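Shown here: entry17.cif, mmCIF, C-alpha atoms.
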```cif
data_input
loop_
_atom_site.label_atom_id
_atom_site.label_comp_id
_atom_site.auth_asym_id
_atom_site.auth_seq_id
_atom_site.Cartn_x
_atom_site.Cartn_y
_atom_site.Cartn_z
CA MET A 1 1.26 -10.59 -20.04
CA ALA A 2 4.16 -8.39 -18.98
CA ASP A 3 5.57 -6.06 -21.62
CA VAL A 4 9.26 -5.65 -20.77
CA ILE A 5 11.34 -4.59 -23.75
CA PRO A 6 15.01 -5.51 -23.07
CA SER A 7 16.38 -2.17 -24.29
CA ASP A 8 13.97 -0.24 -22.04
CA ARG A 9 14.75 -2.49 -19.13
CA ASP A 10 18.49 -2.07 -19.55
CA THR A 11 18.21 1.71 -19.83
CA PHE A 12 16.05 1.83 -16.72
CA ARG A 13 18.46 -0.38 -14.80
CA GLU A 14 21.36 1.89 -15.73
CA ALA A 15 19.41 4.91 -14.44
CA LEU A 16 18.58 3.03 -11.25
CA LYS A 17 22.23 2.20 -10.69
CA SER A 18 23.12 5.88 -10.48
CA SER A 19 20.13 6.86 -8.34
CA LYS A 20 20.68 7.97 -4.76
CA HIS A 21 17.20 8.68 -3.42
CA ILE A 22 14.55 6.25 -4.64
CA ILE A 23 10.82 6.31 -4.01
CA VAL A 24 8.01 3.98 -5.02
CA VAL A 25 4.48 5.36 -5.32
CA ALA A 26 2.09 2.40 -5.15
CA GLY A 27 -1.63 1.97 -5.66
CA ALA A 28 -4.30 -0.69 -5.76
CA GLY A 29 -2.79 -2.50 -8.75
CA LEU A 30 0.08 -3.62 -6.53
CA SER A 31 -2.29 -5.78 -4.47
CA ALA A 32 -4.64 -6.93 -7.23
CA ALA A 33 -2.80 -10.25 -7.66
CA SER A 34 -3.17 -10.84 -3.93
CA GLY A 35 -6.95 -10.85 -4.26
CA ILE A 36 -7.65 -7.25 -3.28
CA PRO A 37 -9.94 -5.78 -6.00
CA THR A 38 -8.93 -2.41 -7.35
CA PHE A 39 -11.29 0.54 -7.12
CA ARG A 40 -11.85 0.61 -10.87
CA ASP A 41 -11.62 -3.00 -11.99
CA GLY A 42 -15.27 -3.14 -13.07
CA GLY A 43 -16.06 -6.28 -11.08
CA GLY A 44 -15.09 -5.29 -7.57
CA MET A 45 -16.60 -3.70 -4.56
CA TRP A 46 -17.50 -0.42 -6.20
CA ARG A 47 -20.14 -1.91 -8.47
CA SER A 48 -22.69 -1.94 -5.65
CA LEU A 49 -21.15 0.67 -3.39
CA ASN A 50 -19.96 4.12 -4.37
CA SER A 51 -16.79 5.02 -2.52
CA THR A 52 -17.80 8.64 -2.26
CA ASP A 53 -21.03 7.55 -0.57
CA LEU A 54 -19.37 5.38 2.09
CA ALA A 55 -15.79 6.56 2.52
CA THR A 56 -16.52 9.93 4.13
CA PRO A 57 -16.87 11.18 7.71
CA GLN A 58 -20.44 12.23 6.91
CA ALA A 59 -21.37 8.73 5.76
CA PHE A 60 -20.05 7.26 9.00
CA GLN A 61 -21.91 9.85 11.07
CA GLU A 62 -25.16 9.12 9.24
CA ASN A 63 -24.90 5.34 9.08
CA PRO A 64 -22.02 3.86 11.09
CA SER A 65 -23.58 0.40 10.81
CA LEU A 66 -23.42 0.30 7.00
CA VAL A 67 -19.94 1.82 6.85
CA TRP A 68 -18.61 -0.62 9.44
CA GLN A 69 -20.14 -3.56 7.56
CA PHE A 70 -18.44 -2.45 4.36
CA TYR A 71 -15.01 -1.99 5.94
CA HIS A 72 -15.31 -5.13 8.04
CA TYR A 73 -15.79 -7.14 4.86
CA ARG A 74 -12.75 -5.42 3.34
CA ARG A 75 -10.80 -6.38 6.48
CA ALA A 76 -11.79 -10.00 5.95
CA LYS A 77 -10.50 -9.96 2.36
CA ALA A 78 -7.26 -8.32 3.49
CA LEU A 79 -6.80 -10.96 6.18
CA GLU A 80 -7.07 -13.68 3.54
CA ALA A 81 -4.60 -12.00 1.18
CA LYS A 82 -0.88 -12.72 0.98
CA PRO A 83 1.89 -10.55 -0.47
CA ASN A 84 2.66 -11.25 -4.13
CA PRO A 85 6.02 -11.13 -5.96
CA ALA A 86 5.74 -7.36 -6.54
CA HIS A 87 5.38 -6.78 -2.81
CA GLU A 88 8.46 -8.91 -2.25
CA VAL A 89 10.60 -6.96 -4.72
CA ILE A 90 9.61 -3.64 -3.14
CA ALA A 91 10.17 -5.04 0.35
CA LYS A 92 13.71 -6.02 -0.59
CA MET A 93 14.32 -2.51 -1.88
CA SER A 94 13.68 -1.34 1.70
CA VAL A 95 16.73 -3.34 2.86
CA PRO A 96 20.12 -1.81 1.94
CA GLN A 97 21.72 -5.24 1.58
CA TYR A 98 19.35 -6.02 -1.26
CA LEU A 99 18.85 -2.60 -2.85
CA LYS A 100 22.61 -2.14 -3.30
CA LYS A 101 22.53 -5.07 -5.73
CA VAL A 102 20.57 -2.98 -8.25
CA ALA A 103 21.23 0.55 -6.99
CA PRO A 104 24.74 0.61 -5.53
CA ASN A 105 24.66 4.38 -4.99
CA ALA A 106 21.35 4.37 -3.10
CA GLN A 107 21.28 6.41 0.10
CA SER A 108 17.56 6.26 0.85
CA PHE A 109 14.43 4.37 -0.12
CA HIS A 110 10.78 5.07 0.62
CA LEU A 111 7.56 3.33 -0.37
CA ILE A 112 4.61 5.73 -0.49
CA THR A 113 1.58 3.49 -0.63
CA GLN A 114 -2.05 4.43 -1.07
CA ASN A 115 -3.06 0.91 -0.08
CA VAL A 116 -4.48 0.19 3.36
CA ASP A 117 -4.16 -3.62 3.23
CA ARG A 118 -0.81 -3.86 5.10
CA LEU A 119 0.57 -6.31 2.53
CA SER A 120 3.67 -4.21 1.97
CA THR A 121 4.41 -4.27 5.69
CA ASP A 122 3.77 -8.02 5.83
CA ALA A 123 6.15 -8.54 2.89
CA LEU A 124 8.90 -6.53 4.56
CA ARG A 125 8.43 -8.45 7.78
CA ALA A 126 8.78 -11.73 5.88
CA VAL A 127 11.97 -10.53 4.17
CA LEU A 128 13.50 -9.50 7.50
CA ASP A 129 12.46 -12.75 9.14
CA GLY A 130 14.11 -14.66 6.32
CA LEU A 131 17.35 -12.73 6.71
CA SER A 132 17.33 -13.26 10.46
CA ARG A 133 16.83 -17.01 10.09
CA ALA A 134 19.65 -17.16 7.53
CA ALA A 135 22.06 -15.20 9.72
CA PRO A 136 25.26 -17.16 10.35
CA GLU A 137 26.53 -18.00 13.79
CA PRO A 138 29.10 -15.57 15.22
CA ASP A 139 32.50 -15.84 13.52
CA ASN A 140 30.90 -17.48 10.49
CA ASP A 141 31.56 -15.15 7.57
CA SER A 142 29.46 -17.05 5.05
CA THR A 143 26.74 -15.65 2.83
CA ASN A 144 23.21 -17.02 2.70
CA THR A 145 21.56 -18.74 -0.25
CA ALA A 146 20.25 -15.40 -1.55
CA GLY A 147 23.81 -14.20 -2.03
CA VAL A 148 23.40 -11.61 0.74
CA THR A 149 25.70 -11.46 3.76
CA PRO A 150 23.17 -11.24 6.61
CA THR A 151 23.66 -9.51 9.90
CA THR A 152 22.18 -10.47 13.25
CA LYS A 153 19.72 -7.60 12.92
CA PRO A 154 18.95 -6.69 9.30
CA THR A 155 18.83 -2.96 8.67
CA VAL A 156 16.01 -1.14 6.90
CA TYR A 157 16.05 2.34 5.42
CA LYS A 158 14.53 4.88 7.81
CA ASP A 159 10.81 5.51 7.17
CA ALA A 160 10.82 2.86 4.48
CA ILE A 161 7.00 2.70 4.29
CA PHE A 162 4.53 5.57 4.38
CA GLU A 163 0.91 4.32 4.52
CA MET A 164 -0.65 7.61 3.53
CA HIS A 165 -4.26 6.42 3.51
CA GLY A 166 -4.14 4.67 6.86
CA ARG A 167 -4.40 0.99 7.73
CA ILE A 168 -7.42 -1.27 7.32
CA PHE A 169 -6.75 -3.20 10.54
CA ASP A 170 -6.48 -0.12 12.74
CA VAL A 171 -9.33 0.59 15.13
CA GLN A 172 -9.55 4.31 15.86
CA CYS A 173 -11.52 6.08 18.57
CA THR A 174 -13.97 8.71 17.34
CA SER A 175 -13.30 10.87 20.39
CA ASP A 176 -10.58 13.45 19.72
CA ALA A 177 -10.06 13.73 23.46
CA CYS A 178 -9.10 10.04 23.63
CA GLY A 179 -6.94 9.64 20.54
CA TYR A 180 -6.73 5.84 20.75
CA THR A 181 -5.58 3.98 17.60
CA ALA A 182 -4.23 0.44 17.47
CA GLU A 183 -3.98 -2.42 15.02
CA ASN A 184 -6.43 -5.25 15.66
CA ARG A 185 -6.48 -8.21 13.28
CA ALA A 186 -9.16 -10.10 15.19
CA HIS A 187 -12.00 -11.38 13.05
CA PRO A 188 -14.77 -10.69 13.63
CA LEU A 189 -14.17 -7.47 15.50
CA CYS A 190 -17.50 -7.95 17.25
CA PRO A 191 -20.30 -10.56 17.03
CA ALA A 192 -22.70 -8.25 15.20
CA LEU A 193 -20.24 -7.59 12.38
CA GLY A 194 -19.47 -11.30 12.18
CA ALA A 195 -23.14 -12.02 11.59
CA ALA A 196 -23.33 -9.31 8.93
CA ASP A 197 -20.28 -10.76 7.15
CA ALA A 198 -21.99 -14.14 6.90
CA ALA A 199 -24.62 -12.58 4.62
CA CYS A 200 -22.01 -11.24 2.17
CA THR A 201 -20.66 -13.69 -0.38
CA ASP A 202 -18.48 -11.29 -2.37
CA TYR A 203 -17.54 -7.64 -2.83
CA VAL A 204 -20.61 -6.99 -4.98
CA ALA A 205 -22.86 -8.05 -2.10
CA ALA A 206 -20.86 -6.27 0.60
CA GLY A 207 -22.85 -3.52 2.24
CA THR A 208 -25.84 -3.61 -0.09
CA GLN A 209 -29.23 -3.07 1.45
CA ARG A 210 -31.67 -5.98 1.28
CA PRO A 211 -35.22 -6.14 2.62
CA ASP A 212 -34.17 -8.52 5.39
CA ASP A 213 -31.20 -6.37 6.51
CA VAL A 214 -31.30 -5.20 10.11
CA PRO A 215 -29.04 -2.24 10.91
CA ILE A 216 -26.60 -2.95 13.71
CA PRO A 217 -27.32 -0.80 16.78
CA VAL A 218 -24.50 1.64 17.52
CA GLU A 219 -23.93 0.06 20.91
CA ASP A 220 -23.12 -3.28 19.20
CA LEU A 221 -20.49 -1.80 16.85
CA PRO A 222 -16.76 -1.80 17.74
CA ARG A 223 -15.98 0.37 20.73
CA CYS A 224 -12.78 2.03 21.88
CA PRO A 225 -11.13 -0.23 24.49
CA LYS A 226 -9.69 2.82 26.23
CA CYS A 227 -12.71 5.10 26.73
CA GLY A 228 -15.69 3.11 25.44
CA ALA A 229 -16.67 5.55 22.69
CA LEU A 230 -17.67 4.39 19.20
CA ALA A 231 -14.65 3.28 17.14
CA ARG A 232 -14.15 3.74 13.41
CA PRO A 233 -11.93 2.11 10.78
CA GLY A 234 -8.41 3.56 10.87
CA VAL A 235 -8.37 4.57 7.20
CA VAL A 236 -8.25 8.01 5.61
CA TRP A 237 -11.62 8.93 4.13
CA PHE A 238 -12.40 11.44 1.42
CA GLU A 239 -12.33 14.96 2.87
CA GLU A 240 -9.66 13.89 5.39
CA ARG A 241 -5.96 14.75 5.27
CA PRO A 242 -3.68 11.88 4.22
CA ARG A 243 -1.09 10.75 6.74
CA HIS A 244 2.61 11.71 6.81
CA LEU A 245 2.28 14.47 4.19
CA ASP A 246 5.12 16.62 5.50
CA ALA A 247 7.54 13.68 5.58
CA ILE A 248 6.37 12.49 2.15
CA ASN A 249 6.86 15.94 0.65
CA ASN A 250 10.42 15.96 1.96
CA VAL A 251 11.34 12.63 0.38
CA VAL A 252 9.64 13.51 -2.92
CA PHE A 253 11.62 16.77 -3.02
CA LYS A 254 14.97 14.97 -2.86
CA ALA A 255 14.07 11.87 -4.92
CA ASP A 256 15.98 11.31 -8.15
CA MET A 257 14.14 8.10 -9.10
CA CYS A 258 10.41 7.43 -8.80
CA LEU A 259 8.80 4.07 -9.55
CA VAL A 260 5.03 4.34 -10.05
CA VAL A 261 3.57 0.90 -9.38
CA GLY A 262 -0.02 -0.16 -9.90
CA THR A 263 -1.69 3.23 -9.63
CA SER A 264 -3.82 5.15 -12.10
CA SER A 265 -2.39 8.47 -10.83
CA GLN A 266 -5.84 9.98 -10.40
CA VAL A 267 -6.00 10.62 -6.64
CA ARG A 268 -4.23 13.65 -5.25
CA PRO A 269 -1.78 14.27 -3.78
CA ALA A 270 -0.16 10.95 -4.75
CA SER A 271 -0.89 11.64 -8.42
CA THR A 272 1.45 14.65 -8.32
CA TYR A 273 4.55 12.96 -6.92
CA ALA A 274 6.00 11.55 -10.16
CA HIS A 275 5.56 14.90 -11.91
CA ARG A 276 7.34 16.67 -9.07
CA VAL A 277 10.27 14.24 -9.21
CA ARG A 278 10.65 14.69 -12.95
CA ARG A 279 10.27 18.47 -12.67
CA HIS A 280 13.40 18.70 -10.55
CA GLY A 281 15.44 16.43 -12.81
CA GLY A 282 14.65 12.95 -11.51
CA LYS A 283 13.63 9.90 -13.52
CA VAL A 284 10.18 8.25 -13.52
CA ALA A 285 9.38 4.61 -14.32
CA VAL A 286 5.78 3.41 -14.56
CA PHE A 287 4.81 -0.22 -13.93
CA ASN A 288 1.11 -0.65 -14.59
CA LEU A 289 -1.37 -2.94 -16.29
CA ASP A 290 -2.99 -0.06 -18.16
CA PRO A 291 -0.88 3.12 -17.96
CA SER A 292 -2.83 6.31 -18.44
CA GLU A 293 -1.98 8.87 -21.10
CA ARG A 294 -0.69 11.09 -18.32
CA ASP A 295 1.56 8.27 -17.08
CA VAL A 296 3.10 7.90 -20.51
CA GLU A 297 3.62 11.64 -20.93
CA GLN A 298 5.35 12.16 -17.59
CA ALA A 299 7.45 8.97 -17.49
CA ASP A 300 10.93 8.21 -18.76
CA PHE A 301 10.19 4.47 -18.76
CA VAL A 302 6.81 2.73 -19.15
CA PHE A 303 6.35 -1.00 -18.53
CA ARG A 304 2.89 -2.39 -19.35
CA GLY A 305 1.55 -5.44 -17.59
CA PRO A 306 0.77 -6.82 -14.13
CA CYS A 307 3.29 -5.47 -11.66
CA GLU A 308 3.69 -8.87 -10.00
CA ALA A 309 5.28 -9.98 -13.29
CA LEU A 310 6.93 -6.72 -14.36
CA LEU A 311 8.97 -6.02 -11.25
CA PRO A 312 10.57 -9.48 -10.89
CA ALA A 313 11.33 -9.51 -14.63
CA THR A 314 12.93 -6.07 -14.49
CA LEU A 315 14.80 -6.61 -11.20
CA PRO A 316 15.47 -10.36 -11.04
CA GLU A 317 18.11 -9.88 -8.33
CA LEU A 318 15.28 -8.95 -5.96
CA ALA A 319 12.83 -11.66 -7.02
#
```
Can you present the structure in this file as structure tokens?
Amino acid sequence: MADVIPSDRDTFREALKSSKHIIVVAGAGLSAASGIPTFRDGGGMWRSLNSTDLATPQAFQENPSLVWQFYHYRRAKALEAKPNPAHEVIAKMSVPQYLKKVAPNAQSFHLITQNVDRLSTDALRAVLDGLSRAAPEPDNDSTNTAGVTPTTKPTVYKDAIFEMHGRIFDVQCTSDACGYTAENRAHPLCPALGAADAACTDYVAAGTQRPDDVPIPVEDLPRCPKCGALARPGVVWFEERPRHLDAINNVVFKADMCLVVGTSSQVRPASTYAHRVRRHGGKVAVFNLDPSERDVEQADFVFRGPCEALLPATLPELA
């Protein structure tokens, strides 16, 4: 159940109204309602597989078959998932026409997401498609049913989404000389991975070793379509540098409002962003099912509950 105290909500909304540079730092809790298990939910994929054992360059080098099977199953779950109401609210914040309804002074907006599932991008695409379909014919100065005056081409804040941990659907060449990376939502990616998926009934089973398991030969794993080398999932593994760090640091430096949504604030560098915003005078609002003690200490506003309920309740204009 969402815990939104009216007085806290109203105070937060007043602070948001005066904010000029707004960022959202999102984690796995944002996508939990879409069917993507969080890393620490106790009943998800990490019960049988330790992330530090599989999500490293060394793990892929030692056993690309097992790592590909694990990520291919995660791809399948992401393909089945749909954006939830929290994704929709954040997507609308990326569009000036919508954000101005709750933050009339806003000059910039950026979502910094640790999620690789692409649901935030899908939600934004759906919002823009909806605005485009609702656009009036030329010389028709009407507003649409959402109370927003659409344009022929809806505008989005520049660099509205930073996917700092990569993208689950990207296929990336392992050859530095090639450099190929492209999104591929085909399922299965290759026949061998399709057969491996058929043996996995849930996240607990995904990637576990059974006596009848047969490792997939490297030559049967996904290959780079450009040079033919072995491909890897296009996500950021432990020991690798997150994406877009320079650009993210710039937007964090100027942010005067930070919404922390669905993240336990335990993985650096994302866990430092709210503190940095507050340190230079900005406001921090946490929306999380189970805020940590650190979240409570560093936040100006704390809303407890599922973010898919909290965000629409706090910002109904964007629901």
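Picture a line from CA of Cys227 (chain A) to CA of Thr174 (chain A); it runs 10.1 Å.
Nearest to Arg13 (chain A) of all the residues A:Arg185, A:Arg279, A:Arg223, A:Lys101 is A:Lys101, based on only C-alpha atoms.
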- Message: Residue by residue, what does the PyMOL selection byres ((chain A and resi 93) around 10) grab here? Present the result as a list in words.
- Response: Ile22, Ile23, Val24, His87, Glu88, Val89, Ile90, Ala91, Lys92, Ser94, Val95, Pro96, Gln97, Tyr98, Leu99, Lys100, Lys101, Val102, Ala103, Ala106, Ser108, Phe109, His110, Leu111, Leu124, Val156, Tyr157, Ala160 and Leu318 of chain A
- Task: Run the PyMOL selection byres ((chain A and resi 253) around 9) on the file and write out the hits as a VMD selection string.
- Result: chain A and resid 248 to 252 254 to 256 273 276 to 277 280
- Item | the PyMOL selection byres ((chain A and resi 306) around 12) applied to the shown file, residues as a VMD selection string | chain A and resid 1 to 4 28 to 34 84 to 86 261 to 263 286 to 291 303 to 305 307 to 313
Give me a file of those residues, with C-alpha atoms, as a JSON list (two decimals), in the frame of the given file.
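Below you can see again.json, which holds the result:
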```json
[["chain", "number", "residue", "atom", "x", "y", "z"],
["A", 1, "MET", "CA", 1.26, -10.59, -20.04],
["A", 2, "ALA", "CA", 4.16, -8.39, -18.98],
["A", 3, "ASP", "CA", 5.57, -6.06, -21.62],
["A", 4, "VAL", "CA", 9.26, -5.65, -20.77],
["A", 28, "ALA", "CA", -4.30, -0.69, -5.76],
["A", 29, "GLY", "CA", -2.79, -2.50, -8.75],
["A", 30, "LEU", "CA", 0.08, -3.62, -6.53],
["A", 31, "SER", "CA", -2.29, -5.78, -4.47],
["A", 32, "ALA", "CA", -4.64, -6.93, -7.23],
["A", 33, "ALA", "CA", -2.80, -10.25, -7.66],
["A", 34, "SER", "CA", -3.17, -10.84, -3.93],
["A", 84, "ASN", "CA", 2.66, -11.25, -4.13],
["A", 85, "PRO", "CA", 6.02, -11.13, -5.96],
["A", 86, "ALA", "CA", 5.74, -7.36, -6.54],
["A", 261, "VAL", "CA", 3.57, 0.90, -9.38],
["A", 262, "GLY", "CA", -0.02, -0.16, -9.90],
["A", 263, "THR", "CA", -1.69, 3.23, -9.63],
["A", 286, "VAL", "CA", 5.78, 3.41, -14.56],
["A", 287, "PHE", "CA", 4.81, -0.22, -13.93],
["A", 288, "ASN", "CA", 1.11, -0.65, -14.59],
["A", 289, "LEU", "CA", -1.37, -2.94, -16.29],
["A", 290, "ASP", "CA", -2.99, -0.06, -18.16],
["A", 291, "PRO", "CA", -0.88, 3.12, -17.96],
["A", 303, "PHE", "CA", 6.35, -1.00, -18.53],
["A", 304, "ARG", "CA", 2.89, -2.39, -19.35],
["A", 305, "GLY", "CA", 1.55, -5.44, -17.59],
["A", 307, "CYS", "CA", 3.29, -5.47, -11.66],
["A", 308, "GLU", "CA", 3.69, -8.87, -10.00],
["A", 309, "ALA", "CA", 5.28, -9.98, -13.29],
["A", 310, "LEU", "CA", 6.93, -6.72, -14.36],
["A", 311, "LEU", "CA", 8.97, -6.02, -11.25],
["A", 312, "PRO", "CA", 10.57, -9.48, -10.89],
["A", 313, "ALA", "CA", 11.33, -9.51, -14.63]]
```
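Pairwise distance (CA of Lys17 (chain A), CA of Ala274 (chain A)) equals 18.7 Å.
Our summary of the geometry notes that CA of Asn105 (chain A) is positioned 22.8 Å from CA of Val302 (chain A).
The closest residue to Thr113 (chain A), picked from A:Phe12, A:Leu221, A:Glu163, A:Ala186 and counting all atoms listed in the file, is A:Glu163.
The nearest approach to Ile36 (chain A) among the residues A:Val218, A:Val116, A:Cys190, A:Ala55, with only C-alpha atoms taken into account, belongs to A:Val116.
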- Message: So that I can check the surroundings of Arg167 (chain A), please list as a list of chain:residue names every protein, DNA and RNA residue that reaches within 7 Å of it, counting all atoms listed in the file and ignoring chain neighbours fewer than 4 positions away.
- Response: A:Val116, A:Asp117, A:Arg118, A:Gly234, A:Val235
- Note on the structure: Across A:Asp246, A:Glu80, A:Asp122, A:Asp53, the smallest distance to Gly35 (chain A), with all atoms listed in the file counted, is shown by A:Glu80
